[in-house]
Structures are given as structure tokens and as C-alpha cells.
$ cat data-v8.txt   # compact mmCIF, C-alpha atoms
# COMPACT_ATOMS: atom_id res chain seq x y z
CA MET Y 1 3.73 -19.84 -31.72
CA LYS Y 2 0.99 -17.82 -33.45
CA LYS Y 3 -1.21 -18.16 -30.39
CA HIS Y 4 1.46 -16.72 -28.10
CA ILE Y 5 2.21 -13.86 -30.49
CA ALA Y 6 -1.50 -13.04 -30.56
CA TYR Y 7 -1.69 -12.98 -26.76
CA ILE Y 8 1.42 -10.82 -26.49
CA ALA Y 9 -0.11 -8.37 -28.93
CA LEU Y 10 -3.34 -8.38 -26.96
CA ALA Y 11 -1.41 -7.75 -23.76
CA PHE Y 12 0.04 -4.55 -25.21
CA VAL Y 13 -3.46 -3.41 -26.10
CA LEU Y 14 -4.74 -4.18 -22.62
CA LEU Y 15 -1.83 -2.72 -20.69
CA VAL Y 16 -3.15 0.78 -21.10
CA PRO Y 17 -5.21 2.84 -18.64
CA ALA Y 18 -8.76 1.52 -18.47
CA PHE Y 19 -11.68 3.83 -19.06
CA ALA Y 20 -13.79 4.39 -15.96
CA GLN Y 21 -17.04 2.47 -15.97
CA LYS Y 22 -20.27 3.19 -14.18
CA LYS Y 23 -20.82 0.99 -11.16
CA TYR Y 24 -24.29 -0.07 -12.19
CA GLY Y 25 -24.16 -3.17 -14.30
CA GLU Y 26 -20.38 -3.40 -14.21
CA ALA Y 27 -20.69 -7.04 -13.19
CA THR Y 28 -21.81 -7.97 -16.70
CA LYS Y 29 -19.20 -6.00 -18.65
CA PRO Y 30 -16.30 -8.34 -19.53
CA GLU Y 31 -12.90 -6.95 -18.62
CA PRO Y 32 -9.56 -8.12 -17.20
CA GLN Y 33 -8.65 -7.29 -13.62
CA ILE Y 34 -7.57 -3.67 -13.40
CA SER Y 35 -5.02 -2.63 -10.79
CA SER Y 36 -6.41 0.05 -8.50
CA ARG Y 37 -2.88 1.37 -8.10
CA THR Y 38 -1.97 1.81 -11.78
CA GLY Y 39 -5.34 1.82 -13.50
CA MET Y 40 -3.96 -0.81 -15.89
CA VAL Y 41 -4.41 -4.52 -16.31
CA SER Y 42 -2.72 -6.30 -13.43
CA VAL Y 43 0.45 -7.96 -14.71
CA GLY Y 44 0.16 -10.80 -12.21
CA TRP Y 45 -3.40 -11.42 -13.25
CA TRP Y 46 -2.43 -11.40 -16.91
CA GLU Y 47 0.35 -13.93 -16.34
CA ARG Y 48 -1.99 -16.20 -14.39
CA HIS Y 49 -4.62 -15.94 -17.12
CA ALA Y 50 -2.07 -16.86 -19.80
CA LYS Y 51 -1.04 -19.89 -17.74
CA LEU Y 52 -4.64 -21.04 -17.38
CA VAL Y 53 -5.33 -20.51 -21.08
CA ASP Y 54 -2.43 -22.83 -21.91
CA ARG Y 55 -3.78 -25.37 -19.42
CA ALA Y 56 -7.29 -25.15 -20.81
CA GLN Y 57 -6.36 -25.26 -24.47
CA ALA Y 58 -4.20 -28.34 -23.93
CA GLY Y 59 -7.33 -30.22 -22.90
CA GLY Y 60 -7.10 -33.54 -21.11
CA PHE Y 61 -9.80 -32.88 -18.51
CA ASP Y 62 -13.52 -33.54 -18.20
CA ILE Y 63 -14.44 -31.15 -15.38
CA MET Y 64 -13.43 -27.48 -15.21
CA PHE Y 65 -13.60 -25.62 -11.89
CA ILE Y 66 -13.78 -21.86 -12.49
CA GLY Y 67 -13.89 -18.99 -10.02
CA ASP Y 68 -11.90 -16.63 -7.86
CA SER Y 69 -9.27 -17.07 -5.13
CA ILE Y 70 -11.30 -19.73 -3.34
CA THR Y 71 -11.02 -21.85 -6.48
CA HIS Y 72 -7.45 -20.68 -7.14
CA GLN Y 73 -6.44 -22.06 -3.74
CA TRP Y 74 -7.22 -25.60 -4.86
CA GLU Y 75 -3.67 -25.37 -6.23
CA ASN Y 76 -2.20 -24.32 -2.88
CA ARG Y 77 -4.09 -24.80 0.37
CA GLY Y 78 -6.39 -27.37 -1.17
CA LEU Y 79 -3.88 -29.18 -3.36
CA LYS Y 80 -3.66 -32.33 -1.25
CA VAL Y 81 -7.44 -32.66 -1.20
CA TRP Y 82 -7.65 -31.90 -4.92
CA ASN Y 83 -5.15 -34.59 -5.81
CA GLU Y 84 -6.87 -37.09 -3.56
CA LYS Y 85 -10.53 -36.46 -4.39
CA LEU Y 86 -11.08 -34.30 -7.49
CA ALA Y 87 -8.20 -34.95 -9.85
CA PRO Y 88 -9.25 -38.63 -10.14
CA LEU Y 89 -12.59 -37.40 -11.54
CA GLY Y 90 -10.77 -35.76 -14.43
CA ALA Y 91 -11.01 -32.24 -13.00
CA LYS Y 92 -8.70 -29.26 -13.32
CA PRO Y 93 -8.91 -25.87 -11.55
CA PHE Y 94 -9.04 -22.49 -13.30
CA GLY Y 95 -9.39 -19.89 -10.57
CA ILE Y 96 -7.80 -16.46 -10.25
CA GLY Y 97 -7.64 -14.57 -6.97
CA GLY Y 98 -9.65 -11.36 -6.90
CA ASP Y 99 -11.83 -12.21 -9.88
CA ARG Y 100 -15.30 -10.76 -10.06
CA THR Y 101 -18.00 -11.89 -12.47
CA GLU Y 102 -16.84 -9.53 -15.21
CA ASN Y 103 -13.26 -10.83 -15.00
CA LEU Y 104 -14.36 -14.45 -15.29
CA LEU Y 105 -16.63 -13.52 -18.18
CA TRP Y 106 -13.67 -11.97 -19.98
CA ARG Y 107 -11.57 -15.09 -19.40
CA LEU Y 108 -14.30 -17.29 -20.84
CA GLN Y 109 -14.28 -15.12 -23.95
CA TRP Y 110 -10.49 -15.06 -24.23
CA GLY Y 111 -9.14 -18.58 -24.21
CA LEU Y 112 -10.60 -20.79 -21.49
CA LEU Y 113 -12.95 -22.53 -23.91
CA ASP Y 114 -10.72 -22.58 -26.98
CA GLY Y 115 -8.36 -25.18 -28.41
CA GLU Y 116 -8.77 -28.66 -26.95
CA SER Y 117 -10.76 -27.30 -24.02
CA ASN Y 118 -14.02 -29.24 -24.13
CA PRO Y 119 -15.23 -29.91 -20.58
CA LYS Y 120 -18.16 -32.18 -19.99
CA LEU Y 121 -18.98 -30.21 -16.85
CA VAL Y 122 -18.07 -26.73 -15.62
CA VAL Y 123 -18.31 -26.13 -11.86
CA MET Y 124 -18.57 -22.39 -11.23
CA MET Y 125 -18.55 -20.34 -8.04
CA ILE Y 126 -18.10 -16.59 -8.51
CA GLY Y 127 -19.46 -13.36 -7.07
CA THR Y 128 -18.14 -12.87 -3.55
CA ASN Y 129 -15.61 -10.28 -4.75
CA ASN Y 130 -18.42 -8.29 -6.34
CA THR Y 131 -19.75 -8.02 -2.80
CA GLY Y 132 -16.41 -7.52 -1.10
CA HIS Y 133 -14.87 -5.03 -3.51
CA ARG Y 134 -17.88 -2.96 -4.55
CA MET Y 135 -20.95 -4.20 -2.68
CA ASP Y 136 -22.68 -4.78 -6.00
CA LYS Y 137 -26.42 -5.21 -5.79
CA PRO Y 138 -27.56 -8.84 -5.65
CA ALA Y 139 -29.35 -8.42 -8.99
CA ASP Y 140 -26.11 -7.21 -10.60
CA ILE Y 141 -24.11 -10.12 -9.19
CA ALA Y 142 -26.72 -12.59 -10.40
CA ALA Y 143 -26.69 -10.94 -13.82
CA GLY Y 144 -22.92 -11.36 -13.94
CA VAL Y 145 -23.22 -15.05 -13.08
CA LYS Y 146 -25.91 -15.46 -15.74
CA ALA Y 147 -23.64 -13.78 -18.31
CA CYS Y 148 -20.96 -16.39 -17.53
CA VAL Y 149 -23.49 -19.22 -17.84
CA ASP Y 150 -24.69 -17.84 -21.16
CA GLU Y 151 -21.12 -17.52 -22.46
CA ILE Y 152 -20.35 -21.14 -21.64
CA GLN Y 153 -23.55 -22.31 -23.29
CA LYS Y 154 -22.86 -20.25 -26.38
CA ARG Y 155 -19.36 -21.62 -26.82
CA LYS Y 156 -19.93 -25.16 -25.54
CA PRO Y 157 -23.62 -26.01 -25.97
CA ASP Y 158 -23.13 -29.65 -24.92
CA THR Y 159 -21.32 -28.77 -21.69
CA LYS Y 160 -23.27 -29.00 -18.46
CA ILE Y 161 -22.85 -26.33 -15.80
CA LEU Y 162 -23.02 -26.69 -12.03
CA VAL Y 163 -23.38 -23.26 -10.42
CA LEU Y 164 -22.52 -23.27 -6.73
CA ALA Y 165 -24.07 -20.84 -4.31
CA ILE Y 166 -21.62 -18.10 -3.40
CA PHE Y 167 -19.94 -19.28 -0.21
CA PRO Y 168 -20.77 -17.63 3.12
CA ARG Y 169 -18.53 -14.88 4.42
CA SER Y 170 -18.35 -12.92 7.67
CA ALA Y 171 -18.89 -14.48 11.07
CA LYS Y 172 -22.55 -13.72 11.68
CA ALA Y 173 -25.61 -14.52 9.60
CA ASN Y 174 -26.85 -10.92 9.74
CA ASP Y 175 -23.63 -9.37 8.42
CA GLU Y 176 -24.23 -7.07 5.47
CA LYS Y 177 -21.86 -8.93 3.13
CA ARG Y 178 -23.25 -12.34 4.10
CA LEU Y 179 -26.78 -11.08 3.43
CA ASN Y 180 -25.74 -9.60 0.09
CA ASN Y 181 -24.32 -12.93 -1.08
CA GLU Y 182 -27.40 -14.80 0.13
CA ALA Y 183 -29.70 -12.42 -1.71
CA ALA Y 184 -27.66 -12.96 -4.87
CA ASN Y 185 -27.88 -16.73 -4.38
CA LYS Y 186 -31.68 -16.59 -4.28
CA LEU Y 187 -31.59 -15.09 -7.76
CA ILE Y 188 -28.79 -17.31 -9.08
CA GLN Y 189 -30.60 -20.53 -8.19
CA LYS Y 190 -33.36 -19.58 -10.65
CA PHE Y 191 -30.97 -20.07 -13.58
CA ALA Y 192 -30.98 -23.85 -13.12
CA ASP Y 193 -33.09 -25.80 -15.60
CA GLY Y 194 -32.15 -29.30 -14.43
CA LYS Y 195 -31.05 -30.21 -17.95
CA LYS Y 196 -27.90 -28.27 -18.81
CA VAL Y 197 -27.63 -25.86 -15.87
CA TYR Y 198 -27.72 -27.04 -12.26
CA TYR Y 199 -27.48 -25.28 -8.91
CA ALA Y 200 -26.20 -26.52 -5.57
CA ASP Y 201 -26.01 -24.77 -2.23
CA ILE Y 202 -23.46 -26.55 -0.05
CA ASN Y 203 -22.95 -23.62 2.33
CA LYS Y 204 -24.28 -25.36 5.42
CA VAL Y 205 -21.16 -27.53 5.60
CA PHE Y 206 -19.13 -24.42 6.47
CA LEU Y 207 -21.47 -23.09 9.17
CA THR Y 208 -22.53 -24.03 12.69
CA ASP Y 209 -26.15 -24.95 13.32
CA GLY Y 210 -26.68 -21.33 14.30
CA GLY Y 211 -25.29 -20.04 11.02
CA VAL Y 212 -21.97 -18.86 12.43
CA LEU Y 213 -18.88 -19.00 10.24
CA GLU Y 214 -15.95 -19.88 12.47
CA LYS Y 215 -12.32 -18.96 11.94
CA SER Y 216 -11.38 -22.62 12.22
CA VAL Y 217 -13.15 -23.05 8.85
CA MET Y 218 -12.23 -19.73 7.22
CA PRO Y 219 -9.53 -17.87 9.19
CA ASP Y 220 -10.28 -14.54 7.50
CA LEU Y 221 -14.00 -15.39 7.28
CA LEU Y 222 -13.69 -15.69 3.52
CA HIS Y 223 -10.98 -18.21 2.49
CA LEU Y 224 -10.90 -21.88 3.42
CA THR Y 225 -8.26 -23.62 5.51
CA PRO Y 226 -6.52 -26.65 3.97
CA ASP Y 227 -8.78 -28.96 6.00
CA SER Y 228 -11.89 -27.04 4.93
CA TYR Y 229 -11.22 -28.05 1.34
CA HIS Y 230 -12.26 -31.53 2.46
CA LEU Y 231 -15.65 -30.04 3.34
CA TRP Y 232 -15.97 -28.53 -0.13
CA ALA Y 233 -14.86 -31.69 -1.93
CA ASP Y 234 -17.05 -34.03 0.11
CA ALA Y 235 -20.10 -31.82 -0.45
CA VAL Y 236 -19.61 -31.14 -4.14
CA ILE Y 237 -18.59 -34.60 -5.37
CA PRO Y 238 -22.11 -36.09 -4.91
CA GLU Y 239 -23.52 -33.10 -6.81
CA ILE Y 240 -21.01 -33.66 -9.61
CA LYS Y 241 -21.82 -37.36 -9.85
CA LYS Y 242 -25.55 -36.65 -10.18
CA ILE Y 243 -24.77 -34.63 -13.31
CA TYR Y 244 -21.66 -36.29 -14.69
CA PRO Y 245 -21.09 -39.80 -13.37
CA GLY Y 246 -17.88 -40.08 -15.37
CA LYS Y 247 -16.70 -42.44 -18.05
$ encode --input "data-v8.txt" --output "C-alpha cells"
Amino acid sequence: MKKHIAYIALAFVLLVPAFAQKKYGEATKPEPQISSRTGMVSVGWWERHAKLVDRAQAGGFDIMFIGDSITHQWENRGLKVWNEKLAPLGAKPFGIGGDRTENLLWRLQWGLLDGESNPKLVVMMIGTNNTGHRMDKPADIAAGVKACVDEIQKRKPDTKILVLAIFPRSAKANDEKRLNNEAANKLIQKFADGKKVYYADINKVFLTDGGVLEKSVMPDLLHLTPDSYHLWADAVIPEIKKIYPGK
């Protein structure tokens, strides 16, 4: 009861117009998702966050998947694959559509790692919305990812972290947004130490040999089809088992 009262009180504080922030470095400044229409915290985002906080704080999982809509869709388009391949590993998803690095950072600070939440492994993929919404510089995106890694390590020093390369977007390899994500990935991979923080680039499973992203894999050239979640699961599970073989 006290927890819910505290979150309701916090919601009233947050549901006020947000102060404008400079674009530079915004990726590392923790904040909830702000509605571009109202200039306030998005109510839908807030409700989703509260739901995920309850899920996290209840515990009962070993692997936490965190990210944006691509992770969120494990509960919709990818649910069948999740139940078949990832849930048996003791995993639960914690994605919110539209999240950028600063939104995920805020969520990590406000509830995802509290209570009984004590994951053995966090699988994180975040940053494509920093490219899509603002065309953040690769260095800023990488800094936002690093801030999330640091936050997890600060709160859960025994938890291992698997950072996934930001997935490809746009049809062609020379598209500006694809190149921006790839440049960010080159910086993100340097955060891995092979002890507590790991990095995996599974992006080739989504592309043709020529580097083309086809609509049969991602219809909007960003989000996966239900069948494409098999590609993600089959590519990431071996990476997970290298780090956390399970009980």
C-alpha cells in the first residue's frame, strides 16, 4: 500500500510540464517519456511503467529483458516465441514502446531494480529511438547506454549484463539512420569487459547477405514480425547461455 501511495504521489509531481532540455547530452539525463502533444509525462507510459515495476518488484525471474518497443513486443507479436523459448530460461520482459536511453535510465532508477527484483542477467537493447526521434549523435547514444549499464552495476553489482547491438533499421545499409545506429554500436561494444558486461551483435540474422533489411523481417523496417522473434530468440539464447547457463 505504501509503495502505491508513493508512486501516486510521484505521478502528481511528474504530471507537470517538463522543462525544455538541450539536445546535446539529453540521452544521459534520466526522465520519463514526455508527450510531444502535452509537454507532460505520457499517461500511457506511466501506467506501463507502474505495471512493470510491480512485475519487477515481485521477483521470480532470473533474466530481465529491458528496452523499447522491440522488447515490449515480446508480450504481443513475440509472445508465442517468448513462451516457447525464453520463459523456460526464467526470463521476463520489461520493454516500453518509444523509450530512449534516458527513459530506460529513469526506469532503472525508479523501481525496476527494487523489491525482490534481483536478476542474474540483464539483456539490454536500447538506442534506436534516440536515432529515430532526434538523430542523436552516436557518442550521445553510447553514453546513454553506458549510463544504463552503470546504473545496473551500481544497484546490482552481482548482476551480469548482456548489451545487444542496436538492431538494424531502414532497408539499405547506407541509410542515414542505419549508419547512425552502427556508429553507436561501435562505441557500445567497447563497454564489454567479459566479466560482468558482455556485448553481442546478432544483427546479421535480420539482414540479407548484401545487408538489406527486408519487409518480410521488419514490415516497417524497424519492428519485427511474429516470425522474426524466432530469429532474435535463436540468436540470443546461445549468447545468454555463455554468460548464464541457468540453475
$ atom_distance --input "data-v8.txt" --atom1 "atom CA of Val145 of chain Y" --atom2 "atom CA of Gln33 of chain Y"
16.5 Å
$ closest_residue --input "data-v8.txt" --among "Y:Phe94, Y:Phe167, Y:Trp74, Y:Trp82" --to "Arg55 of chain Y" --atoms "only C-alpha atoms"
Y:Phe94
$ residues_around --input "data-v8.txt" --residues "Glu239 of chain Y" --least-positions-apart "3" --cutoff "12 Å" --atoms "only C-alpha atoms" --output "JSON, numbers by chain"
{"Y": [121, 123, 161, 162, 163, 164, 198, 199, 200, 201, 202, 232, 233, 234, 235, 236, 242, 243, 244, 245]}
$ atom_distance --input "data-v8.txt" --atom1 "atom CA of Val212 of chain Y" --atom2 "atom CA of Thr71 of chain Y"
22.1 Å
$ closest_residue --input "data-v8.txt" --among "Y:Val197, Y:Ile141, Y:Met64, Y:Met135" --to "Asp158 of chain Y" --atoms "all atoms listed in the file"
Y:Val197
$ closest_residue --input "data-v8.txt" --among "Y:Thr131, Y:Thr101, Y:Gln109, Y:Thr208" --to "Asp175 of chain Y" --atoms "all atoms listed in the file"
Y:Thr131
$ atom_distance --input "data-v8.txt" --atom1 "atom CA of Asp227 of chain Y" --atom2 "atom CA of Gln73 of chain Y"
12.2 Å
$ closest_residue --input "data-v8.txt" --among "Y:Val149, Y:Leu222, Y:Ile70, Y:Ala184" --to "Asp99 of chain Y" --atoms "all atoms listed in the file"
Y:Ile70
$ closest_residue --input "data-v8.txt" --among "Y:Arg155, Y:Arg100, Y:Lys160, Y:Lys195" --to "Asp140 of chain Y" --atoms "all atoms listed in the file"
Y:Arg100
